[in-house]
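Structure file coords-v3.cif with mmCIF, C-alpha atoms:
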data_structure
#
loop_
_atom_site.label_atom_id
_atom_site.label_comp_id
_atom_site.auth_asym_id
_atom_site.auth_seq_id
_atom_site.Cartn_x
_atom_site.Cartn_y
_atom_site.Cartn_z
CA MET A 1 -12.69 -38.62 31.57
CA ASN A 2 -15.53 -41.06 31.00
CA ARG A 3 -18.02 -38.24 31.28
CA LEU A 4 -16.13 -36.21 28.66
CA ALA A 5 -16.03 -39.14 26.25
CA GLU A 6 -19.70 -39.77 26.86
CA SER A 7 -20.71 -36.15 26.18
CA SER A 8 -18.62 -36.08 23.02
CA LEU A 9 -20.33 -39.28 21.86
CA ASN A 10 -23.73 -37.77 22.62
CA PHE A 11 -22.84 -34.65 20.65
CA ARG A 12 -21.76 -36.73 17.67
CA ARG A 13 -25.02 -38.75 17.83
CA ARG A 14 -27.03 -35.52 17.88
CA LEU A 15 -25.10 -34.20 14.91
CA ASP A 16 -25.71 -37.41 12.97
CA SER A 17 -29.41 -37.29 13.70
CA CYS A 18 -29.66 -33.71 12.39
CA ASP A 19 -30.12 -34.27 8.63
CA ASP A 20 -30.35 -30.62 7.61
CA PHE A 21 -27.16 -29.69 9.39
CA THR A 22 -25.14 -32.52 7.87
CA TYR A 23 -26.58 -31.71 4.46
CA ILE A 24 -25.51 -28.07 4.71
CA ALA A 25 -22.11 -28.99 6.18
CA GLY A 26 -21.51 -31.46 3.35
CA LYS A 27 -22.65 -29.01 0.70
CA MET A 28 -20.53 -26.15 1.99
CA LYS A 29 -17.47 -28.28 2.60
CA ASN A 30 -14.39 -26.88 0.80
CA SER A 31 -16.46 -24.10 -0.74
CA ARG A 32 -15.71 -20.46 -0.07
CA LEU A 33 -18.31 -17.86 -0.85
CA LEU A 34 -17.35 -14.82 -2.86
CA GLY A 35 -17.93 -11.21 -1.85
CA GLY A 36 -19.87 -8.80 -4.05
CA PHE A 37 -16.82 -7.16 -5.65
CA GLU A 38 -15.12 -10.53 -6.13
CA SER A 39 -18.20 -11.84 -7.95
CA LEU A 40 -18.19 -8.78 -10.21
CA LEU A 41 -14.50 -9.30 -10.99
CA LEU A 42 -15.06 -12.97 -11.86
CA LEU A 43 -17.97 -12.08 -14.12
CA ALA A 44 -15.95 -9.37 -15.86
CA ILE A 45 -13.11 -11.84 -16.51
CA LEU A 46 -15.58 -14.42 -17.83
CA ARG A 47 -17.16 -11.86 -20.16
CA LEU A 48 -13.80 -10.64 -21.49
CA GLY A 49 -12.38 -14.10 -22.15
CA GLU A 50 -8.76 -14.02 -23.29
CA GLN A 51 -8.63 -10.20 -23.22
CA ALA A 52 -9.11 -9.82 -19.44
CA TYR A 53 -6.48 -7.52 -17.92
CA GLY A 54 -6.56 -4.44 -15.68
CA VAL A 55 -7.74 -1.83 -18.21
CA THR A 56 -10.40 -3.97 -19.89
CA ILE A 57 -11.72 -5.26 -16.53
CA ARG A 58 -11.97 -1.67 -15.26
CA GLN A 59 -13.76 -0.52 -18.40
CA GLU A 60 -16.12 -3.51 -18.32
CA LEU A 61 -17.07 -2.74 -14.71
CA LEU A 62 -17.58 0.93 -15.57
CA GLU A 63 -19.68 0.14 -18.60
CA ARG A 64 -21.92 -2.50 -17.09
CA THR A 65 -22.21 -1.53 -13.42
CA GLN A 66 -21.37 2.22 -13.58
CA LYS A 67 -18.79 1.47 -10.90
CA ASP A 68 -15.62 3.56 -11.43
CA VAL A 69 -13.04 1.48 -9.56
CA ALA A 70 -9.38 2.47 -9.11
CA VAL A 71 -7.04 0.10 -10.91
CA GLY A 72 -5.21 -0.55 -7.61
CA ALA A 73 -8.45 -1.83 -6.07
CA ILE A 74 -8.96 -4.16 -9.03
CA TYR A 75 -5.49 -5.66 -8.59
CA THR A 76 -6.07 -6.01 -4.82
CA GLY A 77 -9.22 -8.01 -5.56
CA LEU A 78 -7.57 -10.06 -8.30
CA ASP A 79 -4.63 -10.85 -6.04
CA ARG A 80 -7.03 -12.10 -3.36
CA LEU A 81 -8.84 -14.26 -5.92
CA GLU A 82 -5.54 -15.62 -7.22
CA GLN A 83 -4.40 -16.54 -3.71
CA LYS A 84 -7.64 -18.47 -3.22
CA GLY A 85 -7.04 -20.24 -6.55
CA PHE A 86 -10.16 -18.80 -8.22
CA VAL A 87 -8.26 -17.09 -11.05
CA GLU A 88 -4.90 -17.64 -12.71
CA SER A 89 -2.73 -15.09 -14.46
CA TRP A 90 0.10 -14.81 -16.95
CA LEU A 91 2.20 -11.95 -18.30
CA GLY A 92 1.78 -10.66 -21.83
CA GLU A 93 4.23 -8.78 -24.03
CA PRO A 94 5.30 -5.26 -23.02
CA THR A 95 3.87 -2.60 -25.34
CA ALA A 96 4.93 0.97 -26.16
CA GLU A 97 1.58 2.50 -25.24
CA ARG A 98 1.97 1.11 -21.71
CA GLY A 99 5.41 2.67 -21.35
CA GLY A 100 7.11 -0.69 -21.80
CA ARG A 101 5.11 -2.41 -19.05
CA ALA A 102 3.66 -5.88 -19.66
CA LYS A 103 -0.04 -6.69 -19.29
CA ARG A 104 -1.14 -9.32 -16.79
CA PHE A 105 -3.98 -11.39 -18.21
CA TYR A 106 -6.45 -13.29 -16.03
CA ARG A 107 -8.53 -16.43 -16.47
CA VAL A 108 -11.15 -17.98 -14.17
CA THR A 109 -10.26 -21.46 -12.89
CA ALA A 110 -12.65 -24.38 -12.36
CA SER A 111 -12.65 -23.79 -8.61
CA GLY A 112 -13.43 -20.12 -9.27
CA LEU A 113 -16.48 -21.13 -11.28
CA ARG A 114 -17.52 -23.55 -8.54
CA ALA A 115 -17.15 -20.82 -5.91
CA PHE A 116 -19.23 -18.45 -8.02
CA ASN A 117 -21.97 -21.05 -8.43
CA ASP A 118 -21.93 -21.82 -4.69
CA THR A 119 -22.30 -18.12 -3.98
CA GLN A 120 -25.22 -17.85 -6.36
CA HIS A 121 -26.90 -20.90 -4.78
CA ALA A 122 -26.35 -19.48 -1.31
CA ILE A 123 -27.95 -16.20 -2.35
CA GLN A 124 -30.87 -18.03 -3.97
CA ASP A 125 -31.35 -20.14 -0.83
CA MET A 126 -31.37 -17.03 1.31
CA LEU A 127 -33.79 -15.30 -1.05
CA SER A 128 -36.29 -18.17 -1.17
CA GLY A 129 -39.44 -17.30 0.72
CA LEU A 130 -38.65 -13.61 0.82
CA ASP A 131 -40.85 -11.15 -1.00
CA LEU A 132 -38.67 -8.14 -1.69
CA GLN A 133 -41.45 -6.43 -3.66
CA GLN A 134 -43.36 -5.75 -0.43
CA GLU A 135 -43.02 -2.19 0.81
CA ASP A 136 -42.25 -3.14 4.41
CA ALA A 137 -39.26 -5.19 3.21
CA TYR A 138 -37.43 -1.90 2.64
CA ALA A 139 -38.27 -0.50 6.09
CA MET B 1 0.27 6.22 -36.20
CA VAL B 2 3.43 8.30 -35.87
CA TRP B 3 5.06 8.14 -32.45
CA THR B 4 7.20 11.00 -31.15
CA TYR B 5 9.72 9.77 -28.63
CA ASN B 6 10.97 11.45 -25.47
CA LYS B 7 14.75 11.84 -25.68
CA ARG B 8 15.32 11.17 -21.98
CA THR B 9 12.98 8.24 -21.32
CA HIS B 10 13.00 6.84 -24.91
CA MET B 11 9.23 6.31 -24.53
CA PRO B 12 6.50 7.68 -26.81
CA GLU B 13 5.47 11.22 -25.73
CA SER B 14 1.79 10.31 -25.51
CA VAL B 15 2.40 7.75 -22.75
CA ASN B 16 4.43 10.09 -20.55
CA PRO B 17 2.10 11.18 -17.77
CA PRO B 18 2.67 14.25 -15.51
CA GLN B 19 6.07 13.76 -13.91
CA MET B 20 5.04 14.71 -10.38
CA ALA B 21 2.07 12.32 -10.45
CA ALA B 22 4.30 9.53 -11.75
CA LEU B 23 6.81 10.31 -8.98
CA LEU B 24 4.09 10.18 -6.34
CA LEU B 25 2.90 6.83 -7.64
CA SER B 26 6.45 5.48 -7.80
CA VAL B 27 6.60 5.64 -3.99
CA PHE B 28 4.67 2.36 -4.15
CA ALA B 29 7.13 0.75 -6.58
CA SER B 30 7.79 -2.03 -4.05
CA GLU B 31 4.29 -3.42 -4.51
CA PRO B 32 4.38 -6.65 -6.57
CA ASP B 33 1.63 -5.45 -8.93
CA PHE B 34 3.08 -1.94 -9.37
CA PRO B 35 4.28 -2.51 -12.99
CA GLN B 36 0.75 -3.58 -13.98
CA ILE B 37 -0.90 -0.63 -12.18
CA GLU B 38 1.49 1.85 -13.76
CA GLY B 39 1.19 0.22 -17.19
CA ASP B 40 -2.62 0.29 -17.04
CA LEU B 41 -2.64 3.95 -16.00
CA ARG B 42 -0.25 4.85 -18.84
CA GLU B 43 -2.33 2.94 -21.37
CA GLU B 44 -5.52 4.72 -20.30
CA PHE B 45 -3.63 8.04 -20.21
CA HIS B 46 -2.61 7.40 -23.79
CA GLN B 47 -6.23 6.64 -24.77
CA HIS B 48 -7.50 9.78 -22.98
CA ARG B 49 -4.85 11.89 -24.69
CA GLN B 50 -5.85 10.59 -28.11
CA MET B 51 -9.55 11.24 -27.44
CA ASN B 52 -9.71 14.35 -25.22
CA GLY B 53 -6.33 16.06 -25.47
CA LEU B 54 -3.37 16.45 -23.16
CA ARG B 55 -4.94 18.71 -20.55
CA SER B 56 -7.91 16.44 -19.88
CA ALA B 57 -5.63 13.39 -19.84
CA CYS B 58 -3.33 15.02 -17.27
CA ARG B 59 -6.30 15.90 -15.07
CA TRP B 60 -7.53 12.30 -15.33
CA TYR B 61 -4.07 10.93 -14.49
CA TRP B 62 -3.76 13.12 -11.39
CA ARG B 63 -7.22 12.05 -10.18
CA GLU B 64 -6.40 8.36 -10.74
CA THR B 65 -3.03 8.76 -9.01
CA PHE B 66 -4.67 10.09 -5.84
CA ARG B 67 -7.35 7.38 -5.95
CA ASN B 68 -4.71 4.68 -6.32
CA VAL B 69 -2.57 6.16 -3.55
CA PHE B 70 -5.56 5.93 -1.18
CA VAL B 71 -6.22 2.34 -2.28
CA LEU B 72 -2.57 1.27 -1.96
CA ILE B 73 -2.14 2.90 1.46
CA LYS B 74 -4.86 0.60 2.85
CA ARG B 75 -2.95 -2.56 1.93
CA PRO B 76 -1.55 -4.44 4.96
CA ARG B 77 2.01 -4.35 3.54
CA ILE B 78 1.88 -0.55 3.32
CA LEU B 79 0.09 -0.14 6.66
CA GLN B 80 2.93 -2.08 8.26
CA VAL B 81 5.45 0.37 6.75
CA LEU B 82 3.44 3.35 8.00
CA ALA B 83 3.25 1.87 11.49
CA ILE B 84 7.01 1.28 11.62
CA ALA B 85 7.75 4.78 10.25
CA ALA B 86 5.50 6.27 12.96
CA LEU B 87 7.27 4.17 15.62
CA CYS B 88 10.63 5.47 14.39
CA ILE B 89 9.37 8.99 15.13
CA VAL B 90 7.56 8.29 18.40
CA VAL B 91 10.14 6.11 20.19
CA PRO B 92 13.01 8.70 20.14
CA ARG B 93 10.55 11.40 21.20
CA ILE B 94 9.41 9.35 24.21
CA ALA B 95 12.99 8.55 25.19
CA TYR B 96 14.19 12.14 24.66
CA ARG B 97 12.78 13.64 27.88
CA PRO B 98 14.29 11.05 30.32
CA TYR B 99 17.59 11.25 28.41
CA LEU B 100 17.65 15.04 28.72
CA THR B 101 16.84 14.88 32.45
CA TRP B 102 19.59 12.32 33.03
CA LEU B 103 22.06 14.28 30.90
CA SER B 104 21.35 17.57 32.71
CA ALA B 105 21.88 15.87 36.08
CA GLU B 106 25.17 14.37 34.90
CA LEU B 107 26.46 17.60 33.35
CA ARG B 108 25.61 19.69 36.41
CA GLU B 109 28.61 18.30 38.23
CA ALA B 110 30.90 18.03 35.20
CA PRO B 111 33.29 20.85 34.21
CA ARG B 112 31.73 23.28 31.71
CA VAL B 113 32.74 22.53 28.13
CA PRO B 114 31.22 24.80 25.47
CA GLY B 115 29.04 22.87 23.02
CA LEU B 116 29.08 19.63 25.02
CA LEU B 117 25.28 19.51 25.50
CA PHE B 118 24.77 20.25 21.80
CA PHE B 119 27.19 17.48 20.85
CA LEU B 120 25.58 14.93 23.18
CA LEU B 121 22.08 15.77 21.95
CA LEU B 122 23.25 15.47 18.35
CA LEU B 123 24.94 12.15 19.15
CA TYR B 124 21.72 10.88 20.74
CA GLY B 125 19.60 11.91 17.75
CA VAL B 126 21.97 10.56 15.11
CA CYS B 127 22.75 7.25 16.86
CA PHE B 128 19.12 6.53 17.70
CA LYS B 129 17.99 7.26 14.13
CA LEU B 130 20.87 5.24 12.64
CA ALA B 131 19.92 2.21 14.72
CA LEU B 132 16.23 2.59 13.91
CA GLY B 133 17.00 3.08 10.20
CA ILE B 134 19.02 -0.13 10.03
CA LEU B 135 16.38 -2.07 11.98
CA ALA B 136 13.45 -0.72 9.95
CA GLY B 137 15.30 -1.28 6.65
CA HIS B 138 15.99 -4.87 7.70
CA ILE B 139 12.39 -5.56 8.73
CA LEU B 140 10.85 -3.93 5.65
CA ARG B 141 13.10 -5.43 2.99
CA GLY B 142 12.36 -4.03 -0.47
CA ARG B 143 10.03 -1.33 0.84
CA GLU B 144 12.65 1.31 1.67
CA ARG B 145 11.29 3.94 -0.68
CA ILE B 146 7.85 4.03 0.94
CA LEU B 147 9.51 3.82 4.37
CA ILE B 148 11.64 6.92 3.71
CA SER B 149 8.67 8.79 2.20
CA ALA B 150 6.42 7.96 5.15
CA PHE B 151 9.20 8.82 7.61
CA THR B 152 9.74 12.21 5.90
CA VAL B 153 6.04 13.08 6.08
CA PHE B 154 5.74 12.02 9.73
CA TYR B 155 9.01 13.72 10.69
CA LEU B 156 7.89 17.05 9.23
CA PHE B 157 4.39 16.69 10.65
CA PHE B 158 5.47 15.85 14.22
CA ASN B 159 8.16 18.56 14.21
CA VAL B 160 6.21 21.49 12.79
CA GLU B 161 6.62 23.35 16.07
CA ARG B 162 10.40 22.85 16.06
CA LEU B 163 10.57 24.00 12.45
CA PHE B 164 8.84 27.26 13.39
CA ILE B 165 11.32 27.81 16.26
CA ILE B 166 14.28 27.13 13.94
CA TRP B 167 12.88 29.52 11.37
CA HIS B 168 12.37 32.15 14.07
CA ILE B 169 15.94 31.74 15.36
CA LEU B 170 17.35 31.97 11.83
CA TRP B 171 15.70 35.34 11.23
CA ASP B 172 16.13 36.69 14.76
CA ASP B 173 18.74 39.49 14.83
CA GLN B 174 19.51 39.06 18.51
CA THR B 175 20.65 35.43 18.20
CA PRO B 176 24.46 35.19 17.91
CA LEU B 177 25.62 34.09 14.47
CA HIS B 178 27.39 30.91 15.68
CA LEU B 179 24.17 29.67 17.36
CA LYS B 180 21.96 30.06 14.29
CA PRO B 181 22.76 26.71 12.60
CA VAL B 182 22.44 24.74 15.88
CA GLY B 183 18.69 24.13 15.45
CA LEU B 184 19.08 23.24 11.80
CA ILE B 185 21.84 20.72 12.53
CA LEU B 186 19.90 19.16 15.41
CA PHE B 187 16.83 18.92 13.18
CA TRP B 188 18.26 17.60 9.91
CA CYS B 189 21.19 15.39 11.00
CA PRO B 190 19.04 12.66 12.62
CA PHE B 191 16.76 12.71 9.57
CA ILE B 192 19.69 12.31 7.17
CA ALA B 193 21.14 9.58 9.42
CA PHE B 194 17.87 7.63 9.22
CA CYS B 195 17.75 7.91 5.41
CA ILE B 196 21.39 6.84 5.02
CA ALA B 197 20.93 3.90 7.41
CA THR B 198 17.80 2.71 5.61
CA ARG B 199 19.48 2.95 2.21
CA TRP B 200 22.56 1.15 3.50
CA SER B 201 20.39 -1.59 4.99
CA ALA B 202 18.49 -1.88 1.68
CA ARG B 203 21.71 -2.15 -0.33
CA ARG B 204 23.04 -4.77 2.06
CA ASN B 205 19.81 -6.76 1.79
CA GLY B 206 19.98 -6.49 -2.00
CA GLN B 207 23.56 -7.76 -2.07
CA ARG B 208 22.62 -10.66 0.18
CA ARG B 209 19.66 -11.54 -2.03
CA SER B 210 21.74 -11.47 -5.21
CA ALA B 211 24.46 -13.57 -3.55
#
Rewrite the structure of this file - the entire thing - as structure tokens.
Amino acid sequence: MNRLAESSLNFRRRLDSCDDFTYIAGKMKNSRLLGGFESLLLLAILRLGEQAYGVTIRQELLERTQKDVAVGAIYTGLDRLEQKGFVESWLGEPTAERGGRAKRFYRVTASGLRAFNDTQHAIQDMLSGLDLQQEDAYA
Amino acid sequence: MVWTYNKRTHMPESVNPPQMAALLLSVFASEPDFPQIEGDLREEFHQHRQMNGLRSACRWYWRETFRNVFVLIKRPRILQVLAIAALCIVVPRIAYRPYLTWLSAELREAPRVPGLLFFLLLLYGVCFKLALGILAGHILRGRERILISAFTVFYLFFNVERLFIIWHILWDDQTPLHLKPVGLILFWCPFIAFCIATRWSARRNGQRRSA
């Protein structure tokens, strides 16, 4: 028992002495990184402002990234983001051109913005020191 | 803009997509975001119709329907339904052989009653499917439509061989007339029993929820 307590104490001391590790652990605490498609969805919502719903998000993605995504895939991604608390949604009025179905509008939350920035920082950190222009980088 | 309205649906004509495609998509009506997906598709269908005409819009809608079906099928909620529908097919098939062996051994010593084997096999199929239908309908509350659709597809797929035999018997001149419907009854009754049980279970769940 004593040995176990001693080894745990040693491990904690080693952790404390490792500045880089504690820095990264502190920085990444409570932050969840976004996937590529999730980042694109967040950016599309940010660009569209108050007019962000399924059709406009799909058209924005198609226009800017040439990515023709099925509307079901967009809602799967948006649902995941909403569960994580990165976006929030509300229902609009039903319209005749939608066959009487209401639109669901989306807005990026503060934690969504934070997650996006964390993701960008993580990518920048990973990119630093890499020269992707070199030919052998593509090998 | 002047809207012309459909007499049956009371919706503008230009937002009414191909009926079969809409029916195919409506299999996923249990999904929480289904109204938004359908609404978005109708809105874009309407835009396509205004810009490129009805034919192009219908082609676009069919393409999008298939794409969305493939996306929706991959969702865990739908995969769970597919797994349970497959189990409802596989479990009775696995249990069928031992049951038949046991039944044959029992009937060998019993007095011969015409149609007894047929009746017992029918009873087995119907009871098993009824029980599975109730259980599956209870587990997958609110997803009965996709369950029945998946079960229908699997049932037809796994019984293609039996369907061919039934078809052959129906058109075979040498088979006595009173034996011709036997295969059909043994094939369709368990299927109908499963659908009825699932619907009953769904209605019961709905009543409980509203209460």
Considering all atoms listed in the file, tabulate each residue of chain B that lies at most 8 Å from chain A along with its nearest interatomic pair and the corresponding distance in Å to one decimal; arrange the rows by chain and ascending residue number and present them as JSON lines.
{"residue": "B:Met11", "atom": "CA", "partner": "A:Gly99", "partner_atom": "CA", "distance": 6.2}
{"residue": "B:Pro12", "atom": "CA", "partner": "A:Ala96", "partner_atom": "CA", "distance": 6.9}
{"residue": "B:Ser14", "atom": "CA", "partner": "A:Glu97", "partner_atom": "CA", "distance": 7.8}
{"residue": "B:Val15", "atom": "CA", "partner": "A:Glu97", "partner_atom": "CA", "distance": 5.9}
{"residue": "B:Asn16", "atom": "CA", "partner": "A:Gly99", "partner_atom": "CA", "distance": 7.5}
{"residue": "B:Asp33", "atom": "CA", "partner": "A:Tyr75", "partner_atom": "CA", "distance": 7.1}
{"residue": "B:Pro35", "atom": "CA", "partner": "A:Arg101", "partner_atom": "CA", "distance": 6.1}
{"residue": "B:Gln36", "atom": "CA", "partner": "A:Lys103", "partner_atom": "CA", "distance": 6.2}
{"residue": "B:Ile37", "atom": "CA", "partner": "A:Gly72", "partner_atom": "CA", "distance": 6.3}
{"residue": "B:Glu38", "atom": "CA", "partner": "A:Arg101", "partner_atom": "CA", "distance": 7.7}
{"residue": "B:Gly39", "atom": "CA", "partner": "A:Arg98", "partner_atom": "CA", "distance": 4.7}
{"residue": "B:Asp40", "atom": "CA", "partner": "A:Val55", "partner_atom": "CA", "distance": 5.7}
{"residue": "B:Leu41", "atom": "CA", "partner": "A:Val71", "partner_atom": "CA", "distance": 7.8}
{"residue": "B:Arg42", "atom": "CA", "partner": "A:Arg98", "partner_atom": "CA", "distance": 5.2}
{"residue": "B:Glu43", "atom": "CA", "partner": "A:Arg98", "partner_atom": "CA", "distance": 4.7}
{"residue": "B:Glu44", "atom": "CA", "partner": "A:Val55", "partner_atom": "CA", "distance": 7.2}
{"residue": "B:His46", "atom": "CA", "partner": "A:Glu97", "partner_atom": "CA", "distance": 6.6}
{"residue": "B:Glu64", "atom": "CA", "partner": "A:Ala70", "partner_atom": "CA", "distance": 6.8}
{"residue": "B:Arg67", "atom": "CA", "partner": "A:Ala70", "partner_atom": "CA", "distance": 6.2}
{"residue": "B:Asn68", "atom": "CA", "partner": "A:Gly72", "partner_atom": "CA", "distance": 5.4}
{"residue": "B:Val71", "atom": "CA", "partner": "A:Ala73", "partner_atom": "CA", "distance": 6.1}
{"residue": "B:Leu72", "atom": "CA", "partner": "A:Gly72", "partner_atom": "CA", "distance": 6.5}
Restricting it to C-alpha atoms, dump the selection as a PDB file, in the coordinates of the input.
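selection_25.pdb, written as the output of this step:
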ATOM      1  CA  MET B  11       9.230   6.310 -24.530  1.00  0.00           C
ATOM      2  CA  PRO B  12       6.500   7.680 -26.810  1.00  0.00           C
ATOM      3  CA  SER B  14       1.790  10.310 -25.510  1.00  0.00           C
ATOM      4  CA  VAL B  15       2.400   7.750 -22.750  1.00  0.00           C
ATOM      5  CA  ASN B  16       4.430  10.090 -20.550  1.00  0.00           C
ATOM      6  CA  ASP B  33       1.630  -5.450  -8.930  1.00  0.00           C
ATOM      7  CA  PRO B  35       4.280  -2.510 -12.990  1.00  0.00           C
ATOM      8  CA  GLN B  36       0.750  -3.580 -13.980  1.00  0.00           C
ATOM      9  CA  ILE B  37      -0.900  -0.630 -12.180  1.00  0.00           C
ATOM     10  CA  GLU B  38       1.490   1.850 -13.760  1.00  0.00           C
ATOM     11  CA  GLY B  39       1.190   0.220 -17.190  1.00  0.00           C
ATOM     12  CA  ASP B  40      -2.620   0.290 -17.040  1.00  0.00           C
ATOM     13  CA  LEU B  41      -2.640   3.950 -16.000  1.00  0.00           C
ATOM     14  CA  ARG B  42      -0.250   4.850 -18.840  1.00  0.00           C
ATOM     15  CA  GLU B  43      -2.330   2.940 -21.370  1.00  0.00           C
ATOM     16  CA  GLU B  44      -5.520   4.720 -20.300  1.00  0.00           C
ATOM     17  CA  HIS B  46      -2.610   7.400 -23.790  1.00  0.00           C
ATOM     18  CA  GLU B  64      -6.400   8.360 -10.740  1.00  0.00           C
ATOM     19  CA  ARG B  67      -7.350   7.380  -5.950  1.00  0.00           C
ATOM     20  CA  ASN B  68      -4.710   4.680  -6.320  1.00  0.00           C
ATOM     21  CA  VAL B  71      -6.220   2.340  -2.280  1.00  0.00           C
ATOM     22  CA  LEU B  72      -2.570   1.270  -1.960  1.00  0.00           C
TER      23      LEU B  72
END
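As for CA of Gln83 (chain A) and CA of Ser26 (chain B), they are spaced 24.9 Å apart.
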What's around Arg32 (chain A) at 12 Å? Count only C-alpha atoms, leave out sequence neighbours fewer than 4 positions away in its own chain, and write the answer as a short mmCIF file (atom, residue, chain, number, x, y, z; two decimals) with C-alpha atoms, in the frame of the given file.
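Output file out15.cif is given in full below:
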data_model
loop_
_atom_site.label_atom_id
_atom_site.label_comp_id
_atom_site.auth_asym_id
_atom_site.auth_seq_id
_atom_site.Cartn_x
_atom_site.Cartn_y
_atom_site.Cartn_z
CA LYS A 27 -22.65 -29.01 0.70
CA MET A 28 -20.53 -26.15 1.99
CA GLU A 38 -15.12 -10.53 -6.13
CA SER A 39 -18.20 -11.84 -7.95
CA LEU A 81 -8.84 -14.26 -5.92
CA LYS A 84 -7.64 -18.47 -3.22
CA GLY A 85 -7.04 -20.24 -6.55
CA PHE A 86 -10.16 -18.80 -8.22
CA SER A 111 -12.65 -23.79 -8.61
CA GLY A 112 -13.43 -20.12 -9.27
CA LEU A 113 -16.48 -21.13 -11.28
CA ARG A 114 -17.52 -23.55 -8.54
CA ALA A 115 -17.15 -20.82 -5.91
CA PHE A 116 -19.23 -18.45 -8.02
CA ASN A 117 -21.97 -21.05 -8.43
CA ASP A 118 -21.93 -21.82 -4.69
CA THR A 119 -22.30 -18.12 -3.98
CA GLN A 120 -25.22 -17.85 -6.36
CA ALA A 122 -26.35 -19.48 -1.31
#
Measuring atom to atom with all atoms listed in the file, identify which of B:Arg162, B:Arg75, B:Lys180, B:Arg145 is nearest to Thr198 (chain B).
B:Arg145
Please determine an axis-aligned box that encloses all atoms of region 37-47 of chain A listed in the file, with 6 Å added on each side, and express its centre and edge lengths in Å to one decimal as AutoDock Vina command-line options.
--center_x -15.7 --center_y -10.8 --center_z -12.9 --size_x 17.1 --size_y 19.3 --size_z 26.5
Given the file shown, determine the residues that the PyMOL selection byres ((chain B and resi 146-151) around 9) selects; report them as a VMD selection string.
chain B and resid 26 to 30 78 81 to 82 84 to 86 88 to 89 136 to 137 140 143 to 145 152 to 156 191 194 to 195 198 to 199
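With only C-alpha atoms as the atoms that count, the minimum distance from Thr101 (chain B) to the choices B:Leu117, B:Ala197, B:Leu130, B:Leu24 is reached by B:Leu117.
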Between CA of Leu48 (chain A) and CA of Leu34 (chain A), measure the distance and give it in Å to one decimal.
19.4 Å
